[in-house]
$ cat input24.pdb   # PDB, N, CA and C atoms
ATOM      1  N   MET A  67      15.268  -7.408 -12.601
ATOM      2  CA  MET A  67      16.380  -6.496 -12.527
ATOM      3  C   MET A  67      17.344  -6.750 -13.682
ATOM      4  N   ALA A  68      17.620  -8.021 -13.917
ATOM      5  CA  ALA A  68      18.546  -8.373 -14.999
ATOM      6  C   ALA A  68      17.996  -7.923 -16.349
ATOM      7  N   TYR A  69      16.688  -8.072 -16.544
ATOM      8  CA  TYR A  69      16.080  -7.663 -17.812
ATOM      9  C   TYR A  69      16.217  -6.154 -18.007
ATOM     10  N   ALA A  70      15.911  -5.396 -16.977
ATOM     11  CA  ALA A  70      16.007  -3.940 -17.068
ATOM     12  C   ALA A  70      17.444  -3.510 -17.344
ATOM     13  N   LYS A  71      18.395  -4.151 -16.689
ATOM     14  CA  LYS A  71      19.801  -3.827 -16.918
ATOM     15  C   LYS A  71      20.217  -4.183 -18.347
ATOM     16  N   ALA A  72      19.740  -5.334 -18.828
ATOM     17  CA  ALA A  72      20.069  -5.756 -20.194
ATOM     18  C   ALA A  72      19.509  -4.789 -21.226
ATOM     19  N   GLU A  73      18.380  -4.159 -20.912
ATOM     20  CA  GLU A  73      17.777  -3.177 -21.809
ATOM     21  C   GLU A  73      18.491  -1.831 -21.732
ATOM     22  N   GLY A  74      19.409  -1.699 -20.764
ATOM     23  CA  GLY A  74      20.170  -0.466 -20.618
ATOM     24  C   GLY A  74      19.410   0.639 -19.901
ATOM     25  N   TRP A  75      18.357   0.280 -19.182
ATOM     26  CA  TRP A  75      17.575   1.282 -18.453
ATOM     27  C   TRP A  75      18.352   1.754 -17.234
ATOM     28  N   PRO A  76      18.275   3.046 -16.932
ATOM     29  CA  PRO A  76      18.930   3.524 -15.707
ATOM     30  C   PRO A  76      18.189   2.960 -14.496
ATOM     31  N   ILE A  77      18.940   2.425 -13.557
ATOM     32  CA  ILE A  77      18.339   1.752 -12.412
ATOM     33  C   ILE A  77      18.896   2.328 -11.115
ATOM     34  N   GLN A  78      17.986   2.595 -10.203
ATOM     35  CA  GLN A  78      18.377   2.944  -8.844
ATOM     36  C   GLN A  78      17.813   1.843  -7.964
ATOM     37  N   GLU A  79      18.678   0.955  -7.540
ATOM     38  CA  GLU A  79      18.255  -0.196  -6.744
ATOM     39  C   GLU A  79      18.287   0.158  -5.262
ATOM     40  N   ILE A  80      17.199  -0.179  -4.562
ATOM     41  CA  ILE A  80      17.135   0.051  -3.119
ATOM     42  C   ILE A  80      16.885  -1.291  -2.444
ATOM     43  N   ASP A  81      17.809  -1.684  -1.601
ATOM     44  CA  ASP A  81      17.681  -2.916  -0.831
ATOM     45  C   ASP A  81      16.985  -2.565   0.478
ATOM     46  N   ILE A  82      15.712  -2.965   0.613
ATOM     47  CA  ILE A  82      14.944  -2.564   1.793
ATOM     48  C   ILE A  82      15.445  -3.218   3.081
ATOM     49  N   LEU A  83      16.301  -4.221   2.958
ATOM     50  CA  LEU A  83      16.899  -4.814   4.157
ATOM     51  C   LEU A  83      18.023  -3.936   4.690
ATOM     52  N   LYS A  84      18.640  -3.155   3.792
ATOM     53  CA  LYS A  84      19.738  -2.279   4.179
ATOM     54  C   LYS A  84      19.291  -0.832   4.353
ATOM     55  N   THR A  85      18.278  -0.434   3.601
ATOM     56  CA  THR A  85      17.755   0.928   3.646
ATOM     57  C   THR A  85      16.269   0.845   3.975
ATOM     58  N   PRO A  86      15.932   0.863   5.252
ATOM     59  CA  PRO A  86      14.524   0.710   5.639
ATOM     60  C   PRO A  86      13.644   1.816   5.068
ATOM     61  N   LEU A  87      12.417   1.446   4.732
ATOM     62  CA  LEU A  87      11.452   2.413   4.230
ATOM     63  C   LEU A  87      10.742   3.085   5.393
ATOM     64  N   THR A  88      10.375   4.342   5.191
ATOM     65  CA  THR A  88       9.590   5.034   6.206
ATOM     66  C   THR A  88       8.136   4.603   6.067
ATOM     67  N   GLY A  89       7.353   4.884   7.075
ATOM     68  CA  GLY A  89       5.931   4.583   7.008
ATOM     69  C   GLY A  89       5.271   5.304   5.847
ATOM     70  N   THR A  90       5.691   6.540   5.611
ATOM     71  CA  THR A  90       5.139   7.314   4.498
ATOM     72  C   THR A  90       5.486   6.670   3.166
ATOM     73  N   GLN A  91       6.717   6.208   3.011
ATOM     74  CA  GLN A  91       7.125   5.555   1.763
ATOM     75  C   GLN A  91       6.327   4.282   1.522
ATOM     76  N   ILE A  92       6.086   3.513   2.572
ATOM     77  CA  ILE A  92       5.308   2.277   2.440
ATOM     78  C   ILE A  92       3.882   2.609   2.018
ATOM     79  N   ALA A  93       3.284   3.610   2.658
ATOM     80  CA  ALA A  93       1.918   4.014   2.321
ATOM     81  C   ALA A  93       1.847   4.542   0.885
ATOM     82  N   GLU A  94       2.859   5.294   0.464
ATOM     83  CA  GLU A  94       2.883   5.836  -0.896
ATOM     84  C   GLU A  94       3.026   4.722  -1.929
ATOM     85  N   LEU A  95       3.843   3.710  -1.630
ATOM     86  CA  LEU A  95       3.974   2.578  -2.554
ATOM     87  C   LEU A  95       2.641   1.868  -2.725
ATOM     88  N   ALA A  96       1.955   1.617  -1.623
ATOM     89  CA  ALA A  96       0.643   0.970  -1.709
ATOM     90  C   ALA A  96      -0.319   1.825  -2.520
ATOM     91  N   ASP A  97      -0.290   3.130  -2.285
ATOM     92  CA  ASP A  97      -1.167   4.041  -3.022
ATOM     93  C   ASP A  97      -0.844   4.030  -4.513
ATOM     94  N   ARG A  98       0.440   4.081  -4.847
ATOM     95  CA  ARG A  98       0.850   4.066  -6.259
ATOM     96  C   ARG A  98       0.474   2.750  -6.938
ATOM     97  N   LEU A  99       0.512   1.657  -6.178
ATOM     98  CA  LEU A  99       0.132   0.350  -6.717
ATOM     99  C   LEU A  99      -1.384   0.136  -6.700
ATOM    100  N   GLN A 100      -2.087   1.071  -6.073
ATOM    101  CA  GLN A 100      -3.542   1.012  -5.930
ATOM    102  C   GLN A 100      -3.980  -0.264  -5.193
ATOM    103  N   ILE A 101      -3.244  -0.537  -4.102
ATOM    104  CA  ILE A 101      -3.576  -1.669  -3.243
ATOM    105  C   ILE A 101      -3.563  -1.198  -1.800
ATOM    106  N   GLU A 102      -4.114  -2.017  -0.920
ATOM    107  CA  GLU A 102      -4.052  -1.705   0.504
ATOM    108  C   GLU A 102      -2.665  -2.063   1.025
ATOM    109  N   ILE A 103      -2.271  -1.419   2.106
ATOM    110  CA  ILE A 103      -0.945  -1.662   2.680
ATOM    111  C   ILE A 103      -0.765  -3.136   3.022
ATOM    112  N   LYS A 104      -1.809  -3.781   3.529
ATOM    113  CA  LYS A 104      -1.698  -5.198   3.894
ATOM    114  C   LYS A 104      -1.357  -6.064   2.686
ATOM    115  N   ASP A 105      -1.714  -5.600   1.477
ATOM    116  CA  ASP A 105      -1.426  -6.371   0.266
ATOM    117  C   ASP A 105       0.036  -6.280  -0.162
ATOM    118  N   LEU A 106       0.812  -5.435   0.514
ATOM    119  CA  LEU A 106       2.257  -5.387   0.284
ATOM    120  C   LEU A 106       2.975  -6.515   1.024
ATOM    121  N   VAL A 107       2.262  -7.169   1.927
ATOM    122  CA  VAL A 107       2.875  -8.206   2.764
ATOM    123  C   VAL A 107       2.674  -9.584   2.140
ATOM    124  N   ASN A 108       3.773 -10.312   2.040
ATOM    125  CA  ASN A 108       3.737 -11.688   1.561
ATOM    126  C   ASN A 108       3.465 -12.587   2.775
ATOM    127  N   GLN A 109       2.198 -12.916   2.960
ATOM    128  CA  GLN A 109       1.824 -13.703   4.128
ATOM    129  C   GLN A 109       2.252 -15.165   4.012
ATOM    130  N   ASP A 110       2.775 -15.553   2.869
ATOM    131  CA  ASP A 110       3.307 -16.906   2.700
ATOM    132  C   ASP A 110       4.793 -16.979   3.025
ATOM    133  N   HIS A 111       5.421 -15.828   3.242
ATOM    134  CA  HIS A 111       6.857 -15.791   3.540
ATOM    135  C   HIS A 111       7.107 -16.459   4.896
ATOM    136  N   PRO A 112       8.148 -17.278   4.994
ATOM    137  CA  PRO A 112       8.446 -17.952   6.265
ATOM    138  C   PRO A 112       8.604 -16.987   7.449
ATOM    139  N   ALA A 113       9.166 -15.816   7.212
ATOM    140  CA  ALA A 113       9.338 -14.853   8.301
ATOM    141  C   ALA A 113       7.989 -14.349   8.802
ATOM    142  N   TYR A 114       7.036 -14.191   7.898
ATOM    143  CA  TYR A 114       5.693 -13.782   8.322
ATOM    144  C   TYR A 114       5.065 -14.884   9.164
ATOM    145  N   LYS A 115       5.146 -16.099   8.651
ATOM    146  CA  LYS A 115       4.522 -17.230   9.345
ATOM    147  C   LYS A 115       5.148 -17.477  10.714
ATOM    148  N   SER A 116       6.442 -17.200  10.851
ATOM    149  CA  SER A 116       7.101 -17.460  12.135
ATOM    150  C   SER A 116       6.851 -16.361  13.165
ATOM    151  N   HIS A 117       6.483 -15.155  12.715
ATOM    152  CA  HIS A 117       6.279 -14.045  13.636
ATOM    153  C   HIS A 117       4.812 -13.670  13.862
ATOM    154  N   PHE A 118       3.955 -13.981  12.895
ATOM    155  CA  PHE A 118       2.590 -13.476  12.952
ATOM    156  C   PHE A 118       1.569 -14.557  12.615
ATOM    157  N   GLU A 119       0.400 -14.389  13.171
ATOM    158  CA  GLU A 119      -0.748 -15.217  12.824
ATOM    159  C   GLU A 119      -1.581 -14.418  11.821
ATOM    160  N   PRO A 120      -2.271 -15.085  10.895
ATOM    161  CA  PRO A 120      -3.160 -14.334   9.996
ATOM    162  C   PRO A 120      -4.164 -13.528  10.823
ATOM    163  N   HIS A 121      -4.257 -12.257  10.491
ATOM    164  CA  HIS A 121      -5.111 -11.368  11.270
ATOM    165  C   HIS A 121      -5.406 -10.137  10.425
ATOM    166  N   ASP A 122      -6.466  -9.435  10.758
ATOM    167  CA  ASP A 122      -6.811  -8.205  10.063
ATOM    168  C   ASP A 122      -6.275  -7.034  10.879
ATOM    169  N   PHE A 123      -5.069  -6.585  10.552
ATOM    170  CA  PHE A 123      -4.417  -5.507  11.282
ATOM    171  C   PHE A 123      -4.806  -4.153  10.692
ATOM    172  N   SER A 124      -4.542  -3.090  11.430
ATOM    173  CA  SER A 124      -4.760  -1.735  10.911
ATOM    174  C   SER A 124      -3.619  -1.399   9.942
ATOM    175  N   SER A 125      -3.811  -0.357   9.149
ATOM    176  CA  SER A 125      -2.757   0.076   8.215
ATOM    177  C   SER A 125      -1.475   0.405   8.967
ATOM    178  N   ASN A 126      -1.599   1.070  10.108
ATOM    179  CA  ASN A 126      -0.406   1.407  10.899
ATOM    180  C   ASN A 126       0.300   0.156  11.401
ATOM    181  N   ASP A 127      -0.463  -0.861  11.781
ATOM    182  CA  ASP A 127       0.146  -2.115  12.230
ATOM    183  C   ASP A 127       0.891  -2.801  11.083
ATOM    184  N   TRP A 128       0.288  -2.820   9.890
ATOM    185  CA  TRP A 128       0.956  -3.418   8.731
ATOM    186  C   TRP A 128       2.259  -2.685   8.437
ATOM    187  N   ILE A 129       2.224  -1.354   8.509
ATOM    188  CA  ILE A 129       3.431  -0.559   8.263
ATOM    189  C   ILE A 129       4.510  -0.936   9.272
ATOM    190  N   LYS A 130       4.157  -1.019  10.538
ATOM    191  CA  LYS A 130       5.136  -1.378  11.576
ATOM    192  C   LYS A 130       5.699  -2.771  11.335
ATOM    193  N   MET A 131       4.849  -3.696  10.904
ATOM    194  CA  MET A 131       5.310  -5.053  10.629
ATOM    195  C   MET A 131       6.344  -5.039   9.501
ATOM    196  N   ILE A 132       6.054  -4.281   8.443
ATOM    197  CA  ILE A 132       6.997  -4.191   7.317
ATOM    198  C   ILE A 132       8.297  -3.538   7.772
ATOM    199  N   GLN A 133       8.193  -2.487   8.578
ATOM    200  CA  GLN A 133       9.399  -1.802   9.034
ATOM    201  C   GLN A 133      10.269  -2.691   9.912
ATOM    202  N   HIS A 134       9.660  -3.497  10.765
ATOM    203  CA  HIS A 134      10.432  -4.359  11.659
ATOM    204  C   HIS A 134      10.867  -5.666  11.002
ATOM    205  N   HIS A 135      10.170  -6.072   9.947
ATOM    206  CA  HIS A 135      10.487  -7.303   9.223
ATOM    207  C   HIS A 135      10.356  -7.035   7.717
ATOM    208  N   PRO A 136      11.262  -6.227   7.145
ATOM    209  CA  PRO A 136      11.126  -5.838   5.736
ATOM    210  C   PRO A 136      11.131  -7.015   4.761
ATOM    211  N   GLU A 137      11.664  -8.145   5.185
ATOM    212  CA  GLU A 137      11.710  -9.309   4.300
ATOM    213  C   GLU A 137      10.318  -9.837   3.963
ATOM    214  N   ILE A 138       9.295  -9.442   4.728
ATOM    215  CA  ILE A 138       7.933  -9.926   4.445
ATOM    216  C   ILE A 138       7.230  -9.101   3.372
ATOM    217  N   MET A 139       7.860  -8.011   2.941
ATOM    218  CA  MET A 139       7.237  -7.168   1.926
ATOM    219  C   MET A 139       7.405  -7.794   0.555
ATOM    220  N   LYS A 140       6.311  -7.772  -0.213
ATOM    221  CA  LYS A 140       6.381  -8.278  -1.582
ATOM    222  C   LYS A 140       7.334  -7.389  -2.373
ATOM    223  N   GLN A 141       8.170  -8.016  -3.149
ATOM    224  CA  GLN A 141       9.155  -7.284  -3.935
ATOM    225  C   GLN A 141       9.608  -8.131  -5.098
ATOM    226  N   PRO A 142      10.184  -7.613  -6.102
ATOM    227  CA  PRO A 142      10.567  -6.217  -6.271
ATOM    228  C   PRO A 142       9.401  -5.357  -6.754
ATOM    229  N   ILE A 143       9.545  -4.077  -6.507
ATOM    230  CA  ILE A 143       8.601  -3.084  -6.994
ATOM    231  C   ILE A 143       9.396  -2.163  -7.908
ATOM    232  N   ALA A 144       8.850  -1.905  -9.086
ATOM    233  CA  ALA A 144       9.532  -1.043 -10.052
ATOM    234  C   ALA A 144       8.740   0.254 -10.220
ATOM    235  N   LEU A 145       9.471   1.355 -10.248
ATOM    236  CA  LEU A 145       8.869   2.663 -10.458
ATOM    237  C   LEU A 145       9.548   3.332 -11.644
ATOM    238  N   ARG A 146       8.732   3.956 -12.475
ATOM    239  CA  ARG A 146       9.264   4.726 -13.599
ATOM    240  C   ARG A 146       8.260   5.822 -13.903
ATOM    241  N   GLY A 147       8.625   7.052 -13.598
ATOM    242  CA  GLY A 147       7.692   8.159 -13.777
ATOM    243  C   GLY A 147       6.480   7.956 -12.883
ATOM    244  N   ASN A 148       5.296   7.989 -13.490
ATOM    245  CA  ASN A 148       4.054   7.814 -12.733
ATOM    246  C   ASN A 148       3.616   6.357 -12.658
ATOM    247  N   ILE A 149       4.400   5.453 -13.217
ATOM    248  CA  ILE A 149       4.025   4.045 -13.262
ATOM    249  C   ILE A 149       4.748   3.286 -12.148
ATOM    250  N   THR A 150       3.989   2.478 -11.427
ATOM    251  CA  THR A 150       4.543   1.632 -10.377
ATOM    252  C   THR A 150       3.938   0.250 -10.527
ATOM    253  N   ILE A 151       4.787  -0.770 -10.533
ATOM    254  CA  ILE A 151       4.283  -2.142 -10.642
ATOM    255  C   ILE A 151       4.990  -3.042  -9.635
ATOM    256  N   LEU A 152       4.262  -4.055  -9.208
ATOM    257  CA  LEU A 152       4.833  -5.118  -8.398
ATOM    258  C   LEU A 152       5.301  -6.169  -9.393
ATOM    259  N   VAL A 153       6.592  -6.387  -9.472
ATOM    260  CA  VAL A 153       7.165  -7.301 -10.457
ATOM    261  C   VAL A 153       7.060  -8.731  -9.928
ATOM    262  N   GLU A 154       6.213  -9.515 -10.575
ATOM    263  CA  GLU A 154       6.034 -10.896 -10.143
ATOM    264  C   GLU A 154       6.733 -11.879 -11.086
ATOM    265  N   THR A 155       6.923 -11.481 -12.331
ATOM    266  CA  THR A 155       7.682 -12.288 -13.291
ATOM    267  C   THR A 155       8.673 -11.365 -13.997
ATOM    268  N   PRO A 156       9.776 -11.898 -14.499
ATOM    269  CA  PRO A 156      10.767 -11.030 -15.154
ATOM    270  C   PRO A 156      10.192 -10.177 -16.286
ATOM    271  N   THR A 157       9.227 -10.703 -17.000
ATOM    272  CA  THR A 157       8.684  -9.943 -18.129
ATOM    273  C   THR A 157       7.714  -8.831 -17.689
ATOM    274  N   ASP A 158       7.323  -8.808 -16.423
ATOM    275  CA  ASP A 158       6.473  -7.726 -15.929
ATOM    276  C   ASP A 158       7.139  -6.368 -16.101
ATOM    277  N   ILE A 159       8.461  -6.350 -16.094
ATOM    278  CA  ILE A 159       9.201  -5.092 -16.200
ATOM    279  C   ILE A 159       8.882  -4.380 -17.516
ATOM    280  N   ILE A 160       8.449  -5.120 -18.523
ATOM    281  CA  ILE A 160       8.094  -4.537 -19.823
ATOM    282  C   ILE A 160       6.923  -3.552 -19.660
ATOM    283  N   LYS A 161       6.091  -3.752 -18.660
ATOM    284  CA  LYS A 161       4.919  -2.911 -18.440
ATOM    285  C   LYS A 161       5.262  -1.464 -18.136
ATOM    286  N   ILE A 162       6.496  -1.227 -17.712
ATOM    287  CA  ILE A 162       6.866   0.155 -17.396
ATOM    288  C   ILE A 162       7.722   0.747 -18.482
TER     289      ILE A 162
END
$ encode --input "input24.pdb" --output "structure tokens"
Amino acid sequence: MAYAKAEGWPIQEIDILKTPLTGTQIAELADRLQIEIKDLVNQDHPAYKSHFEPHDFSSNDWIKMIQHHPEIMKQPIALRGNITILVETPTDIIKI
């Protein structure tokens, strides 16, 4: 985020803890990232480990888990036009 701001890029920041995503938005993010919905979940996050056991859930179950515990979703995700990336390092933002 800091890198994008330093570059002067227009940013619309969405805090998923304050503005919950709809099931459709979660599914669209996974589709744009070309990953399965379950891959949006950080299964190493303490909140995931405290609430869930590793399991192969349905897409709808993963969506419900993210909606009820948004902190388990991998983030940040950056979107620009048709490009969507899961930002894992600060320099990943250069990809968009």
$ select_by_dssp --input "input24.pdb" --residues "segment 72-159 of chain A" --states "helix (DSSP H, G or I)" --output "PyMOL selection string"
chain A and resi 72+89-99+103-106+112-117+125-134+136-138+156-159
$ write_last_selection --input "input24.pdb" --atoms "N, CA and C atoms" --output "mmCIF file, in the frame of the given file"
data_model
loop_
_atom_site.group_PDB
_atom_site.id
_atom_site.type_symbol
_atom_site.label_atom_id
_atom_site.label_comp_id
_atom_site.auth_asym_id
_atom_site.auth_seq_id
_atom_site.Cartn_x
_atom_site.Cartn_y
_atom_site.Cartn_z
ATOM 1 N N ALA A 72 19.740 -5.334 -18.828
ATOM 2 C CA ALA A 72 20.069 -5.756 -20.194
ATOM 3 C C ALA A 72 19.509 -4.789 -21.226
ATOM 4 N N GLY A 89 7.353 4.884 7.075
ATOM 5 C CA GLY A 89 5.931 4.583 7.008
ATOM 6 C C GLY A 89 5.271 5.304 5.847
ATOM 7 N N THR A 90 5.691 6.540 5.611
ATOM 8 C CA THR A 90 5.139 7.314 4.498
ATOM 9 C C THR A 90 5.486 6.670 3.166
ATOM 10 N N GLN A 91 6.717 6.208 3.011
ATOM 11 C CA GLN A 91 7.125 5.555 1.763
ATOM 12 C C GLN A 91 6.327 4.282 1.522
ATOM 13 N N ILE A 92 6.086 3.513 2.572
ATOM 14 C CA ILE A 92 5.308 2.277 2.440
ATOM 15 C C ILE A 92 3.882 2.609 2.018
ATOM 16 N N ALA A 93 3.284 3.610 2.658
ATOM 17 C CA ALA A 93 1.918 4.014 2.321
ATOM 18 C C ALA A 93 1.847 4.542 0.885
ATOM 19 N N GLU A 94 2.859 5.294 0.464
ATOM 20 C CA GLU A 94 2.883 5.836 -0.896
ATOM 21 C C GLU A 94 3.026 4.722 -1.929
ATOM 22 N N LEU A 95 3.843 3.710 -1.630
ATOM 23 C CA LEU A 95 3.974 2.578 -2.554
ATOM 24 C C LEU A 95 2.641 1.868 -2.725
ATOM 25 N N ALA A 96 1.955 1.617 -1.623
ATOM 26 C CA ALA A 96 0.643 0.970 -1.709
ATOM 27 C C ALA A 96 -0.319 1.825 -2.520
ATOM 28 N N ASP A 97 -0.290 3.130 -2.285
ATOM 29 C CA ASP A 97 -1.167 4.041 -3.022
ATOM 30 C C ASP A 97 -0.844 4.030 -4.513
ATOM 31 N N ARG A 98 0.440 4.081 -4.847
ATOM 32 C CA ARG A 98 0.850 4.066 -6.259
ATOM 33 C C ARG A 98 0.474 2.750 -6.938
ATOM 34 N N LEU A 99 0.512 1.657 -6.178
ATOM 35 C CA LEU A 99 0.132 0.350 -6.717
ATOM 36 C C LEU A 99 -1.384 0.136 -6.700
ATOM 37 N N ILE A 103 -2.271 -1.419 2.106
ATOM 38 C CA ILE A 103 -0.945 -1.662 2.680
ATOM 39 C C ILE A 103 -0.765 -3.136 3.022
ATOM 40 N N LYS A 104 -1.809 -3.781 3.529
ATOM 41 C CA LYS A 104 -1.698 -5.198 3.894
ATOM 42 C C LYS A 104 -1.357 -6.064 2.686
ATOM 43 N N ASP A 105 -1.714 -5.600 1.477
ATOM 44 C CA ASP A 105 -1.426 -6.371 0.266
ATOM 45 C C ASP A 105 0.036 -6.280 -0.162
ATOM 46 N N LEU A 106 0.812 -5.435 0.514
ATOM 47 C CA LEU A 106 2.257 -5.387 0.284
ATOM 48 C C LEU A 106 2.975 -6.515 1.024
ATOM 49 N N PRO A 112 8.148 -17.278 4.994
ATOM 50 C CA PRO A 112 8.446 -17.952 6.265
ATOM 51 C C PRO A 112 8.604 -16.987 7.449
ATOM 52 N N ALA A 113 9.166 -15.816 7.212
ATOM 53 C CA ALA A 113 9.338 -14.853 8.301
ATOM 54 C C ALA A 113 7.989 -14.349 8.802
ATOM 55 N N TYR A 114 7.036 -14.191 7.898
ATOM 56 C CA TYR A 114 5.693 -13.782 8.322
ATOM 57 C C TYR A 114 5.065 -14.884 9.164
ATOM 58 N N LYS A 115 5.146 -16.099 8.651
ATOM 59 C CA LYS A 115 4.522 -17.230 9.345
ATOM 60 C C LYS A 115 5.148 -17.477 10.714
ATOM 61 N N SER A 116 6.442 -17.200 10.851
ATOM 62 C CA SER A 116 7.101 -17.460 12.135
ATOM 63 C C SER A 116 6.851 -16.361 13.165
ATOM 64 N N HIS A 117 6.483 -15.155 12.715
ATOM 65 C CA HIS A 117 6.279 -14.045 13.636
ATOM 66 C C HIS A 117 4.812 -13.670 13.862
ATOM 67 N N SER A 125 -3.811 -0.357 9.149
ATOM 68 C CA SER A 125 -2.757 0.076 8.215
ATOM 69 C C SER A 125 -1.475 0.405 8.967
ATOM 70 N N ASN A 126 -1.599 1.070 10.108
ATOM 71 C CA ASN A 126 -0.406 1.407 10.899
ATOM 72 C C ASN A 126 0.300 0.156 11.401
ATOM 73 N N ASP A 127 -0.463 -0.861 11.781
ATOM 74 C CA ASP A 127 0.146 -2.115 12.230
ATOM 75 C C ASP A 127 0.891 -2.801 11.083
ATOM 76 N N TRP A 128 0.288 -2.820 9.890
ATOM 77 C CA TRP A 128 0.956 -3.418 8.731
ATOM 78 C C TRP A 128 2.259 -2.685 8.437
ATOM 79 N N ILE A 129 2.224 -1.354 8.509
ATOM 80 C CA ILE A 129 3.431 -0.559 8.263
ATOM 81 C C ILE A 129 4.510 -0.936 9.272
ATOM 82 N N LYS A 130 4.157 -1.019 10.538
ATOM 83 C CA LYS A 130 5.136 -1.378 11.576
ATOM 84 C C LYS A 130 5.699 -2.771 11.335
ATOM 85 N N MET A 131 4.849 -3.696 10.904
ATOM 86 C CA MET A 131 5.310 -5.053 10.629
ATOM 87 C C MET A 131 6.344 -5.039 9.501
ATOM 88 N N ILE A 132 6.054 -4.281 8.443
ATOM 89 C CA ILE A 132 6.997 -4.191 7.317
ATOM 90 C C ILE A 132 8.297 -3.538 7.772
ATOM 91 N N GLN A 133 8.193 -2.487 8.578
ATOM 92 C CA GLN A 133 9.399 -1.802 9.034
ATOM 93 C C GLN A 133 10.269 -2.691 9.912
ATOM 94 N N HIS A 134 9.660 -3.497 10.765
ATOM 95 C CA HIS A 134 10.432 -4.359 11.659
ATOM 96 C C HIS A 134 10.867 -5.666 11.002
ATOM 97 N N PRO A 136 11.262 -6.227 7.145
ATOM 98 C CA PRO A 136 11.126 -5.838 5.736
ATOM 99 C C PRO A 136 11.131 -7.015 4.761
ATOM 100 N N GLU A 137 11.664 -8.145 5.185
ATOM 101 C CA GLU A 137 11.710 -9.309 4.300
ATOM 102 C C GLU A 137 10.318 -9.837 3.963
ATOM 103 N N ILE A 138 9.295 -9.442 4.728
ATOM 104 C CA ILE A 138 7.933 -9.926 4.445
ATOM 105 C C ILE A 138 7.230 -9.101 3.372
ATOM 106 N N PRO A 156 9.776 -11.898 -14.499
ATOM 107 C CA PRO A 156 10.767 -11.030 -15.154
ATOM 108 C C PRO A 156 10.192 -10.177 -16.286
ATOM 109 N N THR A 157 9.227 -10.703 -17.000
ATOM 110 C CA THR A 157 8.684 -9.943 -18.129
ATOM 111 C C THR A 157 7.714 -8.831 -17.689
ATOM 112 N N ASP A 158 7.323 -8.808 -16.423
ATOM 113 C CA ASP A 158 6.473 -7.726 -15.929
ATOM 114 C C ASP A 158 7.139 -6.368 -16.101
ATOM 115 N N ILE A 159 8.461 -6.350 -16.094
ATOM 116 C CA ILE A 159 9.201 -5.092 -16.200
ATOM 117 C C ILE A 159 8.882 -4.380 -17.516
#
$ atom_distance --input "input24.pdb" --atom1 "atom CA of Pro156 of chain A" --atom2 "atom CA of Asp81 of chain A"
17.9 Å
$ residues_around --input "input24.pdb" --residues "segment 146-148 of chain A" --least-positions-apart "3" --cutoff "10 Å" --atoms "only C-alpha atoms" --output "list in words"
Pro76, Ile77, Arg98, Ile151 and Ile162 of chain A
$ closest_atom_pairs --input "input24.pdb" --of "segment 78-112 of chain A" --to "segment 122-128 of chain A" --cutoff "8 Å" --atoms "only N, CA and C atoms" --output "JSON lines"
{"residue": "A:Glu102", "atom": "C", "partner": "A:Ser125", "partner_atom": "CA", "distance": 7.5}
{"residue": "A:Ile103", "atom": "C", "partner": "A:Trp128", "partner_atom": "CA", "distance": 6.0}
{"residue": "A:Lys104", "atom": "CA", "partner": "A:Trp128", "partner_atom": "CA", "distance": 5.8}
{"residue": "A:Val107", "atom": "N", "partner": "A:Trp128", "partner_atom": "CA", "distance": 7.9}
$ write_last_selection --input "input24.pdb" --atoms "N, CA and C atoms" --output "short mmCIF file (atom, residue, chain, number, x, y, z; two decimals), keeping the file's coordinate frame"
data_model
loop_
_atom_site.label_atom_id
_atom_site.label_comp_id
_atom_site.auth_asym_id
_atom_site.auth_seq_id
_atom_site.Cartn_x
_atom_site.Cartn_y
_atom_site.Cartn_z
N GLU A 102 -4.11 -2.02 -0.92
CA GLU A 102 -4.05 -1.70 0.50
C GLU A 102 -2.66 -2.06 1.02
N ILE A 103 -2.27 -1.42 2.11
CA ILE A 103 -0.94 -1.66 2.68
C ILE A 103 -0.76 -3.14 3.02
N LYS A 104 -1.81 -3.78 3.53
CA LYS A 104 -1.70 -5.20 3.89
C LYS A 104 -1.36 -6.06 2.69
N VAL A 107 2.26 -7.17 1.93
CA VAL A 107 2.88 -8.21 2.76
C VAL A 107 2.67 -9.58 2.14
#
$ atom_distance --input "input24.pdb" --atom1 "atom CA of Lys84 of chain A" --atom2 "atom CA of Thr150 of chain A"
21.4 Å
$ residues_around --input "input24.pdb" --residues "Pro136 of chain A" --least-positions-apart "4" --cutoff "7 Å" --atoms "only C-alpha atoms" --output "list of chain:residue names"
A:Ile82, A:Leu83, A:Ile132
$ select_by_dssp --input "input24.pdb" --residues "chain A" --states "strand (DSSP E)" --output "list of chain:residue names"
A:Ile143, A:Ala144, A:Leu145, A:Arg146, A:Ile149, A:Thr150, A:Ile151, A:Leu152
$ resolve_selection --input "input24.pdb" --expression "the PyMOL selection byres (((chain A and resi 140 and name CA) around 12) and name CA)" --output "list in words"
Ile82, Ile92, Leu95, Ala96, Leu99, Ile103, Lys104, Asp105, Leu106, Val107, Asn108, Gln109, Asp110, His111, Tyr114, Ile132, His135, Pro136, Glu137, Ile138, Met139, Gln141, Pro142, Ile143, Ala144, Ile151, Leu152, Val153 and Glu154 of chain A
$ atom_distance --input "input24.pdb" --atom1 "atom CA of Lys161 of chain A" --atom2 "atom CA of Gln91 of chain A"
22.0 Å
$ closest_residue --input "input24.pdb" --among "A:Tyr69, A:Glu79, A:Thr85, A:Ile101" --to "Thr157 of chain A" --atoms "only N, CA and C atoms"
A:Tyr69
$ residues_around --input "input24.pdb" --residues "Gly89 of chain A" --least-positions-apart "4" --cutoff "6.5 Å" --atoms "only N, CA and C atoms" --output "mmCIF file with N, CA and C atoms, keeping the file's coordinate frame"
data_model
loop_
_atom_site.group_PDB
_atom_site.id
_atom_site.type_symbol
_atom_site.label_atom_id
_atom_site.label_comp_id
_atom_site.auth_asym_id
_atom_site.auth_seq_id
_atom_site.Cartn_x
_atom_site.Cartn_y
_atom_site.Cartn_z
ATOM 1 N N ALA A 93 3.284 3.610 2.658
ATOM 2 C CA ALA A 93 1.918 4.014 2.321
ATOM 3 C C ALA A 93 1.847 4.542 0.885
ATOM 4 N N GLU A 94 2.859 5.294 0.464
ATOM 5 C CA GLU A 94 2.883 5.836 -0.896
ATOM 6 C C GLU A 94 3.026 4.722 -1.929
ATOM 7 N N ILE A 129 2.224 -1.354 8.509
ATOM 8 C CA ILE A 129 3.431 -0.559 8.263
ATOM 9 C C ILE A 129 4.510 -0.936 9.272
#
